[in-house]
file query20.cif (mmCIF, C-alpha atoms)
data_structure
loop_
_atom_site.group_PDB
_atom_site.id
_atom_site.type_symbol
_atom_site.label_atom_id
_atom_site.label_comp_id
_atom_site.auth_asym_id
_atom_site.auth_seq_id
_atom_site.Cartn_x
_atom_site.Cartn_y
_atom_site.Cartn_z
ATOM 1 C CA MET F 1007 75.091 33.814 -9.233
ATOM 2 C CA ASN F 1008 73.888 32.854 -5.830
ATOM 3 C CA ARG F 1009 70.523 31.302 -5.058
ATOM 4 C CA LYS F 1010 68.899 34.563 -3.961
ATOM 5 C CA GLU F 1011 69.836 36.290 -7.232
ATOM 6 C CA LEU F 1012 68.564 33.296 -9.200
ATOM 7 C CA MET F 1013 65.159 33.368 -7.480
ATOM 8 C CA SER F 1014 64.862 37.126 -8.049
ATOM 9 C CA LYS F 1015 65.545 36.731 -11.765
ATOM 10 C CA VAL F 1016 62.983 33.924 -12.141
ATOM 11 C CA GLN F 1017 60.342 36.026 -10.366
ATOM 12 C CA SER F 1018 61.043 39.022 -12.598
ATOM 13 C CA THR F 1019 60.782 36.925 -15.753
ATOM 14 C CA PHE F 1020 57.452 35.418 -14.572
ATOM 15 C CA GLN F 1021 55.960 38.839 -13.843
ATOM 16 C CA GLN F 1022 57.006 40.136 -17.301
ATOM 17 C CA ALA F 1023 55.342 37.123 -18.959
ATOM 18 C CA ILE F 1024 52.071 37.860 -17.179
ATOM 19 C CA PHE F 1025 51.820 41.636 -17.117
ATOM 20 C CA ASP F 1026 53.492 42.679 -20.392
ATOM 21 C CA ASP F 1027 50.715 43.571 -22.847
ATOM 22 C CA PHE F 1028 48.196 42.561 -20.123
ATOM 23 C CA VAL F 1029 45.229 44.371 -21.668
ATOM 24 C CA LEU F 1030 45.874 42.804 -25.069
ATOM 25 C CA LYS F 1031 46.002 39.365 -23.512
ATOM 26 C CA VAL F 1032 42.716 39.905 -21.659
ATOM 27 C CA VAL F 1033 41.010 41.075 -24.843
ATOM 28 C CA SER F 1034 42.341 38.079 -26.758
ATOM 29 C CA ILE F 1035 41.106 35.614 -24.170
ATOM 30 C CA SER F 1036 37.681 37.295 -23.971
ATOM 31 C CA LEU F 1037 37.372 37.262 -27.751
ATOM 32 C CA ALA F 1038 38.298 33.588 -27.921
ATOM 33 C CA VAL F 1039 35.749 32.689 -25.231
ATOM 34 C CA GLY F 1040 33.049 34.726 -26.957
ATOM 35 C CA ILE F 1041 33.694 33.093 -30.336
ATOM 36 C CA TRP F 1042 33.600 29.653 -28.732
ATOM 37 C CA ALA F 1043 30.294 30.424 -26.960
ATOM 38 C CA TRP F 1044 28.795 31.839 -30.156
ATOM 39 C CA LEU F 1045 29.796 28.746 -32.125
ATOM 40 C CA GLN F 1046 28.381 26.490 -29.425
ATOM 41 C CA SER F 1047 25.056 28.336 -29.208
ATOM 42 C CA GLY F 1048 24.717 28.409 -32.957
ATOM 43 C CA GLN F 1049 25.506 24.747 -33.482
ATOM 44 C CA VAL F 1050 22.451 22.874 -34.794
ATOM 45 C CA VAL F 1051 21.635 19.799 -32.688
ATOM 46 C CA GLU F 1052 18.711 17.462 -32.013
ATOM 47 C CA GLN F 1053 17.020 17.026 -28.659
ATOM 48 C CA ARG F 1054 14.118 14.964 -27.326
ATOM 49 C CA ALA F 1055 11.397 16.438 -25.109
ATOM 50 C CA ARG F 1056 7.880 15.719 -23.798
ATOM 51 C CA ALA F 1057 4.833 17.695 -24.878
ATOM 52 C CA THR F 1058 1.581 17.639 -22.886
ATOM 53 C CA VAL F 1059 -1.579 16.809 -24.865
ATOM 54 C CA ARG F 1060 -4.650 18.850 -23.900
ATOM 55 C CA TYR F 1061 -7.971 17.386 -25.115
ATOM 56 C CA LEU F 1062 -11.275 19.188 -25.581
ATOM 57 C CA TRP F 1063 -14.052 16.578 -25.797
ATOM 58 C CA PRO F 1064 -17.503 16.857 -27.447
ATOM 59 C CA GLU F 1065 -20.371 17.531 -25.082
ATOM 60 C CA GLY F 1066 -22.120 14.304 -24.062
ATOM 61 C CA LEU F 1067 -19.420 12.083 -25.613
ATOM 62 C CA VAL F 1068 -16.444 10.354 -23.986
ATOM 63 C CA ARG F 1069 -13.559 8.329 -25.327
ATOM 64 C CA VAL F 1070 -13.470 4.541 -25.219
ATOM 65 C CA GLY F 1071 -10.037 3.220 -24.257
ATOM 66 C CA GLU F 1072 -6.786 5.006 -23.563
ATOM 67 C CA ALA F 1073 -5.529 8.329 -24.929
ATOM 68 C CA PRO F 1074 -1.942 9.504 -24.332
ATOM 69 C CA ASP F 1075 -1.548 12.551 -22.102
ATOM 70 C CA SER F 1076 1.829 13.421 -23.630
ATOM 71 C CA LEU F 1077 3.914 13.024 -26.792
ATOM 72 C CA SER F 1078 7.598 12.369 -27.311
ATOM 73 C CA VAL F 1079 8.944 15.010 -29.710
ATOM 74 C CA THR F 1080 12.322 15.249 -31.451
ATOM 75 C CA LEU F 1081 13.400 18.873 -31.912
ATOM 76 C CA THR F 1082 16.181 20.439 -33.956
ATOM 77 C CA GLY F 1083 17.704 23.903 -33.765
ATOM 78 C CA PRO F 1084 20.604 25.954 -32.410
ATOM 79 C CA GLN F 1085 21.934 24.530 -29.188
ATOM 80 C CA GLY F 1086 21.450 27.826 -27.393
ATOM 81 C CA ARG F 1087 17.762 27.935 -28.351
ATOM 82 C CA LEU F 1088 17.200 24.368 -27.235
ATOM 83 C CA ARG F 1089 18.682 25.183 -23.837
ATOM 84 C CA ALA F 1090 15.831 27.660 -23.443
ATOM 85 C CA LEU F 1091 13.399 24.718 -23.298
ATOM 86 C CA GLN F 1092 14.486 23.877 -19.761
ATOM 87 C CA GLY F 1093 11.604 24.646 -17.439
ATOM 88 C CA ARG F 1094 9.252 25.455 -20.309
ATOM 89 C CA GLU F 1095 6.057 23.413 -20.904
ATOM 90 C CA LEU F 1096 5.259 22.299 -24.450
ATOM 91 C CA LEU F 1097 1.562 21.895 -25.267
ATOM 92 C CA VAL F 1098 -0.449 20.264 -28.056
ATOM 93 C CA ASP F 1099 -4.162 21.135 -28.177
ATOM 94 C CA VAL F 1100 -6.552 18.517 -29.579
ATOM 95 C CA ASP F 1101 -9.978 20.092 -30.061
ATOM 96 C CA LEU F 1102 -12.564 17.384 -30.751
ATOM 97 C CA ARG F 1103 -15.649 19.368 -29.778
ATOM 98 C CA ALA F 1104 -17.015 19.188 -33.327
ATOM 99 C CA SER F 1105 -16.529 15.396 -33.598
ATOM 100 C CA LYS F 1106 -19.454 12.954 -33.775
ATOM 101 C CA GLU F 1107 -20.073 9.622 -32.104
ATOM 102 C CA GLY F 1108 -17.898 6.881 -33.586
ATOM 103 C CA PRO F 1109 -14.263 6.484 -34.702
ATOM 104 C CA VAL F 1110 -12.013 9.555 -34.882
ATOM 105 C CA THR F 1111 -8.411 9.806 -36.100
ATOM 106 C CA VAL F 1112 -6.175 12.437 -34.503
ATOM 107 C CA ASP F 1113 -3.119 13.476 -36.534
ATOM 108 C CA PHE F 1114 -0.598 14.983 -34.115
ATOM 109 C CA GLY F 1115 1.686 15.995 -36.981
ATOM 110 C CA ASP F 1116 -0.469 18.873 -38.209
ATOM 111 C CA ARG F 1117 -1.103 20.409 -34.806
ATOM 112 C CA PRO F 1118 1.021 23.338 -33.565
ATOM 113 C CA LEU F 1119 3.349 22.864 -30.624
ATOM 114 C CA GLU F 1120 2.885 25.712 -28.145
ATOM 115 C CA GLY F 1121 5.898 26.929 -26.176
ATOM 116 C CA LEU F 1122 8.455 26.190 -28.908
ATOM 117 C CA PRO F 1123 11.321 28.765 -29.084
ATOM 118 C CA GLU F 1124 11.850 30.634 -32.344
ATOM 119 C CA GLY F 1125 14.256 28.869 -34.654
ATOM 120 C CA VAL F 1126 13.439 25.391 -33.236
ATOM 121 C CA SER F 1127 11.456 22.946 -35.359
ATOM 122 C CA VAL F 1128 9.866 19.550 -34.789
ATOM 123 C CA VAL F 1129 11.480 16.600 -36.574
ATOM 124 C CA GLN F 1130 9.308 13.773 -35.209
ATOM 125 C CA ARG F 1131 6.315 13.170 -32.921
ATOM 126 C CA THR F 1132 5.599 9.853 -31.223
ATOM 127 C CA PRO F 1133 2.900 8.706 -31.574
ATOM 128 C CA ALA F 1134 2.313 10.421 -34.908
ATOM 129 C CA SER F 1135 -1.441 9.756 -34.811
ATOM 130 C CA LEU F 1136 -4.173 8.267 -32.655
ATOM 131 C CA ASP F 1137 -7.344 6.338 -33.453
ATOM 132 C CA LEU F 1138 -10.115 7.081 -30.972
ATOM 133 C CA LEU F 1139 -13.653 5.843 -30.492
ATOM 134 C CA LEU F 1140 -16.179 8.311 -29.102
ATOM 135 C CA ASP F 1141 -19.225 6.959 -27.314
ATOM 136 C CA ARG F 1142 -22.157 8.439 -25.448
ATOM 137 C CA ALA F 1143 -21.540 9.057 -21.751
ATOM 138 C CA ARG F 1144 -23.491 6.995 -19.247
ATOM 139 C CA GLU F 1145 -23.743 6.894 -15.451
ATOM 140 C CA ARG F 1146 -24.566 3.890 -13.312
ATOM 141 C CA LYS F 1147 -24.701 3.097 -9.603
ATOM 142 C CA VAL F 1148 -22.678 -0.005 -8.741
ATOM 143 C CA ARG F 1149 -21.565 -1.898 -5.653
ATOM 144 C CA ILE F 1150 -17.938 -1.592 -4.545
ATOM 145 C CA ARG F 1151 -16.085 -4.905 -4.316
ATOM 146 C CA PRO F 1152 -12.834 -5.102 -2.305
ATOM 147 C CA THR F 1153 -9.943 -6.953 -3.968
ATOM 148 C CA LEU F 1154 -8.347 -9.144 -1.274
ATOM 149 C CA ILE F 1155 -5.295 -11.368 -1.623
ATOM 150 C CA GLY F 1156 -3.289 -13.404 0.871
ATOM 151 C CA GLU F 1157 -4.386 -15.069 4.084
ATOM 152 C CA PRO F 1158 -4.063 -14.018 7.745
ATOM 153 C CA ALA F 1159 -1.345 -15.539 9.905
ATOM 154 C CA GLU F 1160 -1.587 -19.171 10.992
ATOM 155 C CA GLY F 1161 -4.271 -19.539 13.627
ATOM 156 C CA TRP F 1162 -6.275 -16.570 12.319
ATOM 157 C CA GLN F 1163 -9.127 -16.313 9.848
ATOM 158 C CA ARG F 1164 -10.796 -13.630 7.755
ATOM 159 C CA GLY F 1165 -14.250 -12.626 8.924
ATOM 160 C CA GLU F 1166 -16.686 -9.930 7.847
ATOM 161 C CA VAL F 1167 -15.556 -7.387 5.249
ATOM 162 C CA ARG F 1168 -17.185 -3.933 5.298
ATOM 163 C CA VAL F 1169 -16.820 -1.227 2.638
ATOM 164 C CA GLU F 1170 -17.603 2.442 3.246
ATOM 165 C CA PRO F 1171 -19.276 3.672 1.117
ATOM 166 C CA ALA F 1172 -20.740 0.434 -0.183
ATOM 167 C CA THR F 1173 -21.746 1.863 -3.590
ATOM 168 C CA THR F 1174 -20.654 4.572 -6.006
ATOM 169 C CA VAL F 1175 -21.801 6.175 -9.250
ATOM 170 C CA ILE F 1176 -19.466 5.491 -12.166
ATOM 171 C CA ARG F 1177 -19.318 7.432 -15.424
ATOM 172 C CA GLY F 1178 -17.887 6.513 -18.796
ATOM 173 C CA PRO F 1179 -18.718 5.285 -22.306
ATOM 174 C CA GLN F 1180 -22.004 3.419 -22.348
ATOM 175 C CA SER F 1181 -20.442 0.434 -24.152
ATOM 176 C CA LEU F 1182 -18.259 -0.169 -21.078
ATOM 177 C CA VAL F 1183 -20.450 1.103 -18.241
ATOM 178 C CA ARG F 1184 -23.394 -1.141 -19.132
ATOM 179 C CA GLU F 1185 -21.148 -4.203 -18.624
ATOM 180 C CA ILE F 1186 -19.896 -3.131 -15.188
ATOM 181 C CA THR F 1187 -21.887 -4.335 -12.180
ATOM 182 C CA GLU F 1188 -19.190 -3.848 -9.516
ATOM 183 C CA ALA F 1189 -16.319 -1.418 -8.992
ATOM 184 C CA ASP F 1190 -13.157 -3.117 -7.748
ATOM 185 C CA THR F 1191 -10.772 -1.570 -5.247
ATOM 186 C CA ASP F 1192 -7.017 -1.606 -5.432
ATOM 187 C CA ILE F 1193 -5.387 -4.773 -4.046
ATOM 188 C CA ILE F 1194 -5.420 -5.314 -0.260
ATOM 189 C CA ASP F 1195 -2.843 -7.861 0.945
ATOM 190 C CA LEU F 1196 -3.877 -9.730 4.117
ATOM 191 C CA SER F 1197 -0.754 -11.898 4.330
ATOM 192 C CA GLY F 1198 0.297 -12.419 7.963
ATOM 193 C CA VAL F 1199 -2.393 -10.160 9.473
ATOM 194 C CA THR F 1200 -3.399 -10.941 13.081
ATOM 195 C CA ALA F 1201 -5.956 -8.208 13.843
ATOM 196 C CA THR F 1202 -8.915 -6.391 12.333
ATOM 197 C CA ARG F 1203 -7.739 -3.507 10.124
ATOM 198 C CA THR F 1204 -9.208 -0.663 8.092
ATOM 199 C CA TYR F 1205 -7.571 0.099 4.745
ATOM 200 C CA THR F 1206 -7.980 3.279 2.677
ATOM 201 C CA VAL F 1207 -7.658 2.315 -0.999
ATOM 202 C CA PRO F 1208 -8.533 3.802 -4.401
ATOM 203 C CA LEU F 1209 -10.902 2.246 -6.904
ATOM 204 C CA ASP F 1210 -9.255 0.342 -9.747
ATOM 205 C CA PHE F 1211 -10.897 0.524 -13.184
ATOM 206 C CA ARG F 1212 -9.369 -1.505 -16.013
ATOM 207 C CA ASP F 1213 -10.070 1.339 -18.447
ATOM 208 C CA SER F 1214 -9.188 4.938 -17.553
ATOM 209 C CA SER F 1215 -12.187 6.213 -19.516
ATOM 210 C CA VAL F 1216 -14.386 4.852 -16.691
ATOM 211 C CA ARG F 1217 -14.211 6.692 -13.385
ATOM 212 C CA ALA F 1218 -16.128 7.543 -10.226
ATOM 213 C CA ASP F 1219 -16.330 11.344 -10.309
ATOM 214 C CA ALA F 1220 -17.355 11.899 -6.696
ATOM 215 C CA LEU F 1221 -15.130 9.258 -5.106
ATOM 216 C CA SER F 1222 -11.362 8.806 -5.095
ATOM 217 C CA GLN F 1223 -10.882 6.390 -2.171
ATOM 218 C CA VAL F 1224 -12.916 4.012 -0.017
ATOM 219 C CA GLN F 1225 -12.415 2.467 3.408
ATOM 220 C CA VAL F 1226 -12.365 -1.308 3.654
ATOM 221 C CA THR F 1227 -12.529 -2.889 7.111
ATOM 222 C CA VAL F 1228 -11.451 -6.545 7.191
ATOM 223 C CA GLU F 1229 -12.320 -8.435 10.340
ATOM 224 C CA VAL F 1230 -9.628 -10.915 11.363
ATOM 225 C CA THR F 1231 -10.426 -13.282 14.259
ATOM 226 C CA PRO F 1232 -8.605 -16.186 15.888
ATOM 227 C CA ILE F 1233 -9.528 -19.687 14.751
ATOM 228 C CA ILE F 1234 -11.341 -21.436 17.612
ATOM 229 C CA GLY F 1235 -10.541 -25.036 18.446
ATOM 230 C CA ASP F 1236 -10.510 -27.402 21.416
ATOM 231 C CA ARG F 1237 -7.935 -29.505 23.185
ATOM 232 C CA THR F 1238 -8.336 -32.367 25.664
ATOM 233 C CA TRP F 1239 -5.985 -33.552 28.413
ATOM 234 C CA GLU F 1240 -6.614 -37.011 29.836
ATOM 235 C CA ALA F 1241 -4.910 -36.951 33.263
ATOM 236 C CA VAL F 1242 -4.626 -33.529 34.833
ATOM 237 C CA PRO F 1243 -3.511 -33.723 38.489
ATOM 238 C CA VAL F 1244 -5.892 -32.602 41.225
ATOM 239 C CA THR F 1245 -4.339 -30.899 44.250
ATOM 240 C CA LEU F 1246 -5.756 -30.099 47.690
ATOM 241 C CA ALA F 1247 -3.967 -27.472 49.754
ATOM 242 C CA THR F 1248 -5.636 -28.360 53.074
ATOM 243 C CA ARG F 1249 -3.526 -30.665 55.210
ATOM 244 C CA GLY F 1250 -5.113 -33.758 56.642
ATOM 245 C CA TRP F 1251 -7.415 -34.266 53.690
ATOM 246 C CA GLN F 1252 -7.154 -36.221 50.475
ATOM 247 C CA VAL F 1253 -9.039 -35.957 47.190
ATOM 248 C CA SER F 1254 -10.480 -38.633 44.952
ATOM 249 C CA PRO F 1255 -9.885 -39.082 42.068
ATOM 250 C CA GLU F 1256 -6.368 -37.676 41.894
ATOM 251 C CA THR F 1257 -6.615 -36.833 38.161
ATOM 252 C CA VAL F 1258 -9.401 -35.634 35.875
ATOM 253 C CA ARG F 1259 -10.069 -35.364 32.182
ATOM 254 C CA LEU F 1260 -10.100 -31.768 30.967
ATOM 255 C CA ARG F 1261 -11.235 -30.080 27.742
ATOM 256 C CA ILE F 1262 -10.635 -26.407 26.883
ATOM 257 C CA VAL F 1263 -12.026 -24.393 23.964
ATOM 258 C CA GLY F 1264 -10.372 -21.234 22.619
ATOM 259 C CA PRO F 1265 -8.051 -19.759 19.978
ATOM 260 C CA ILE F 1266 -5.909 -22.589 18.641
ATOM 261 C CA LYS F 1267 -2.677 -20.590 18.990
ATOM 262 C CA ARG F 1268 -3.477 -20.025 22.669
ATOM 263 C CA LEU F 1269 -4.325 -23.692 23.170
ATOM 264 C CA GLN F 1270 -1.037 -24.708 21.577
ATOM 265 C CA SER F 1271 0.855 -22.568 24.070
ATOM 266 C CA ILE F 1272 -0.516 -24.496 27.086
ATOM 267 C CA ARG F 1273 2.100 -26.868 28.487
ATOM 268 C CA THR F 1274 0.760 -30.084 29.986
ATOM 269 C CA GLU F 1275 3.006 -29.734 33.053
ATOM 270 C CA ASP F 1276 1.480 -26.317 33.825
ATOM 271 C CA LEU F 1277 -2.116 -27.589 33.955
ATOM 272 C CA GLN F 1278 -3.517 -28.092 37.421
ATOM 273 C CA VAL F 1279 -6.896 -28.551 39.086
ATOM 274 C CA SER F 1280 -6.996 -27.264 42.666
ATOM 275 C CA VAL F 1281 -9.771 -27.926 45.172
ATOM 276 C CA ARG F 1282 -10.743 -26.007 48.325
ATOM 277 C CA LEU F 1283 -12.753 -27.228 51.266
ATOM 278 C CA PRO F 1284 -16.162 -25.644 51.822
ATOM 279 C CA PRO F 1285 -16.364 -23.071 54.652
ATOM 280 C CA ALA F 1286 -18.064 -25.585 56.961
ATOM 281 C CA VAL F 1287 -17.643 -29.358 56.837
ATOM 282 C CA PRO F 1288 -18.860 -32.170 59.097
ATOM 283 C CA VAL F 1289 -16.113 -33.399 61.413
ATOM 284 C CA GLY F 1290 -14.596 -36.611 60.138
ATOM 285 C CA GLU F 1291 -17.093 -36.938 57.289
ATOM 286 C CA PRO F 1292 -16.271 -36.928 53.531
ATOM 287 C CA VAL F 1293 -17.278 -33.881 51.487
ATOM 288 C CA LYS F 1294 -18.276 -33.773 47.857
ATOM 289 C CA VAL F 1295 -17.527 -30.719 45.727
ATOM 290 C CA ARG F 1296 -18.569 -30.184 42.142
ATOM 291 C CA TRP F 1297 -17.089 -28.237 39.246
ATOM 292 C CA ALA F 1298 -19.586 -25.952 37.508
ATOM 293 C CA ALA F 1299 -19.041 -24.700 33.961
ATOM 294 C CA GLY F 1300 -18.384 -20.954 33.809
ATOM 295 C CA GLU F 1301 -17.852 -20.657 37.560
ATOM 296 C CA ARG F 1302 -14.530 -18.946 38.231
ATOM 297 C CA ASP F 1303 -14.835 -18.516 42.010
ATOM 298 C CA GLY F 1304 -16.007 -22.018 42.893
ATOM 299 C CA LEU F 1305 -14.321 -24.624 45.053
ATOM 300 C CA VAL F 1306 -12.742 -26.223 41.962
ATOM 301 C CA GLN F 1307 -10.177 -23.966 40.266
ATOM 302 C CA ILE F 1308 -8.232 -24.685 37.056
ATOM 303 C CA GLN F 1309 -4.859 -23.127 36.212
ATOM 304 C CA THR F 1310 -3.598 -23.268 32.624
ATOM 305 C CA GLY F 1311 -0.277 -21.443 32.956
ATOM 306 C CA VAL F 1312 -1.229 -18.919 30.235
ATOM 307 C CA ARG F 1313 -3.507 -15.905 29.893
ATOM 308 C CA ASP F 1314 -6.913 -17.572 29.827
ATOM 309 C CA ASP F 1315 -9.450 -14.752 29.477
ATOM 310 C CA ASP F 1316 -10.261 -16.025 25.963
ATOM 311 C CA LEU F 1317 -10.361 -19.707 26.969
ATOM 312 C CA THR F 1318 -13.440 -21.667 28.050
ATOM 313 C CA ILE F 1319 -13.270 -24.873 30.077
ATOM 314 C CA THR F 1320 -16.061 -27.062 28.753
ATOM 315 C CA LEU F 1321 -15.402 -30.360 30.534
ATOM 316 C CA VAL F 1322 -14.016 -31.626 33.832
ATOM 317 C CA GLU F 1323 -14.593 -35.359 34.147
ATOM 318 C CA PRO F 1324 -15.549 -36.434 36.679
ATOM 319 C CA ALA F 1325 -17.151 -33.129 37.612
ATOM 320 C CA GLN F 1326 -17.703 -34.254 41.219
ATOM 321 C CA LEU F 1327 -14.751 -34.774 43.513
ATOM 322 C CA GLU F 1328 -14.743 -36.329 46.976
ATOM 323 C CA LEU F 1329 -12.694 -34.938 49.839
ATOM 324 C CA ARG F 1330 -12.133 -37.103 52.883
ATOM 325 C CA PRO F 1331 -9.987 -36.893 55.959
ATOM 326 C CA ALA F 1332 -6.621 -38.628 55.506
ATOM 327 C CA PRO F 1333 -6.301 -41.786 57.525
#
call {"tool": "encode", "arguments": {"input": "query20.cif", "output": "structure tokens"}}
result
Amino acid sequence: MNRKELMSKVQSTFQQAIFDDFVLKVVSISLAVGIWAWLQSGQVVEQRARATVRYLWPEGLVRVGEAPDSLSVTLTGPQGRLRALQGRELLVDVDLRASKEGPVTVDFGDRPLEGLPEGVSVVQRTPASLDLLLDRARERKVRIRPTLIGEPAEGWQRGEVRVEPATTVIRGPQSLVREITEADTDIIDLSGVTATRTYTVPLDFRDSSVRADALSQVQVTVEVTPIIGDRTWEAVPVTLATRGWQVSPETVRLRIVGPIKRLQSIRTEDLQVSVRLPPAVPVGEPVKVRWAAGERDGLVQIQTGVRDDDLTITLVEPAQLELRPAP
């Protein structure tokens, strides 16, 4: 038997294996799959889920302290039924409208679980119960206090802090509200800041039963300004551009006031005091010129080598310089 005959025989045998009794084979496979799916869907299993707690509070009363907004529930039932929970919300209603002021115990175990598929039961609820304290509601107007941490960058300092609005009305149980005189904001970190900034932050109450009904966020503006200092140079050279003249003294003492980071950036070799001759001078006679504080267009000019719009020269000593013809 040659190769071609061998391949033809193998192909024929393969086709017979697949297509002989084809309908019976399809029915058998479908039946097997259906039985497997039925067994899987009917298998009893346990599954954990979350159930939302919906409270109805008594008029004029509020809770003191925390109350969970959801429960962890362990469910048991056919696997197929439990799959139906996907995308479905489970609810537990806690109606306390008939409760009085004082302690109240809520038993979650005897409350129905809405949204539960038929055939599924609850094995466990966590927490199983809750002890609450109901107190009379009270409102109070308090000042808002920003919570600041950290310090601005080196060479900068924190200045005025403004809060908008400056006050708010808080509401909650009277036992807590009567002790609160200020409402704190969420934390504002000033670490490394080099400019005035405005932050939008929520209020932060230690107890969730206290809240500010009409206010969710406030704006806090923190002013950050450069730290001002002064620096003195003892022998700054004096130059005179006009040929044939000389200046006395040839160096002066100089003091500059301004932001310390700017002062630190001034290099001694870049400092220079330059002097100009007046428009008209007596021939062969010495001329005296004087530095005046705050005068930027005078005959005595000072170059610092850096941007100096925020620097102030407070001392040139001696303030009077003498110009005389060179011998």
call {"tool": "resolve_selection", "arguments": {"input": "query20.cif", "expression": "the PyMOL selection byres ((chain F and resi 1122) around 10)", "output": "count of residues only"}}
result
19
call {"tool": "closest_residue", "arguments": {"input": "query20.cif", "among": "F:Gly1108, F:Pro1243, F:Pro1292, F:Pro1152", "to": "Thr1274 (chain F)", "atoms": "all atoms listed in the file"}}
result
F:Pro1243
call {"tool": "residues_around", "arguments": {"input": "query20.cif", "residues": "Val1230 (chain F)", "least_positions_apart": "4", "cutoff": "8 Å", "atoms": "all atoms listed in the file", "output": "NGL selection string"}}
result
:F and (1158 or 1162-1166 or 1199-1203)
call {"tool": "residues_around", "arguments": {"input": "query20.cif", "residues": "Gly1235 (chain F)", "least_positions_apart": "5", "cutoff": "9 Å", "atoms": "all atoms listed in the file", "output": "list in words"}}
result
Ile1262, Val1263, Gly1264, Pro1265, Ile1266 and Leu1269 of chain F
call {"tool": "closest_residue", "arguments": {"input": "query20.cif", "among": "F:Pro1171, F:Pro1074, F:Gly1300, F:Pro1331", "to": "Val1148 (chain F)", "atoms": "only C-alpha atoms"}}
result
F:Pro1171
call {"tool": "resolve_selection", "arguments": {"input": "query20.cif", "expression": "the PyMOL selection byres ((chain F and resi 1254) around 6)", "output": "JSON, numbers by chain"}}
result
{"F": [1253, 1255, 1256, 1327, 1328]}
call {"tool": "write_last_selection", "arguments": {"input": "query20.cif", "atoms": "C-alpha atoms", "output": "compact mmCIF listing (two decimals), in the frame of the given file"}}
result
# COMPACT_ATOMS: atom_id res chain seq x y z
CA VAL F 1253 -9.04 -35.96 47.19
CA PRO F 1255 -9.88 -39.08 42.07
CA GLU F 1256 -6.37 -37.68 41.89
CA LEU F 1327 -14.75 -34.77 43.51
CA GLU F 1328 -14.74 -36.33 46.98
call {"tool": "closest_residue", "arguments": {"input": "query20.cif", "among": "F:Val1244, F:Trp1251, F:Glu1275, F:Leu1321", "to": "Val1306 (chain F)", "atoms": "only C-alpha atoms"}}
result
F:Val1244
call {"tool": "resolve_selection", "arguments": {"input": "query20.cif", "expression": "the PyMOL selection byres ((chain F and resi 1053-1070) around 7)", "output": "PyMOL selection string"}}
result
chain F and resi 1051-1052+1071-1072+1075-1082+1096-1105+1107+1138-1143+1178-1179+1215
call {"tool": "closest_residue", "arguments": {"input": "query20.cif", "among": "F:Leu1317, F:Val1322, F:Val1050, F:Leu1283", "to": "Pro1232 (chain F)", "atoms": "all atoms listed in the file"}}
result
F:Leu1317
call {"tool": "atom_distance", "arguments": {"input": "query20.cif", "atom1": "CA of Thr1257 (chain F)", "atom2": "CA of Pro1288 (chain F)"}}
result
24.7 Å
call {"tool": "closest_residue", "arguments": {"input": "query20.cif", "among": "F:Val1226, F:Ile1234, F:Leu1260, F:Ala1332", "to": "Trp1297 (chain F)", "atoms": "only C-alpha atoms"}}
result
F:Leu1260
call {"tool": "closest_residue", "arguments": {"input": "query20.cif", "among": "F:Gln1085, F:Thr1153, F:Gln1278, F:Gln1180", "to": "Leu1209 (chain F)", "atoms": "all atoms listed in the file"}}
result
F:Thr1153
call {"tool": "atom_distance", "arguments": {"input": "query20.cif", "atom1": "CA of Arg1177 (chain F)", "atom2": "CA of Arg1117 (chain F)"}}
result
29.6 Å
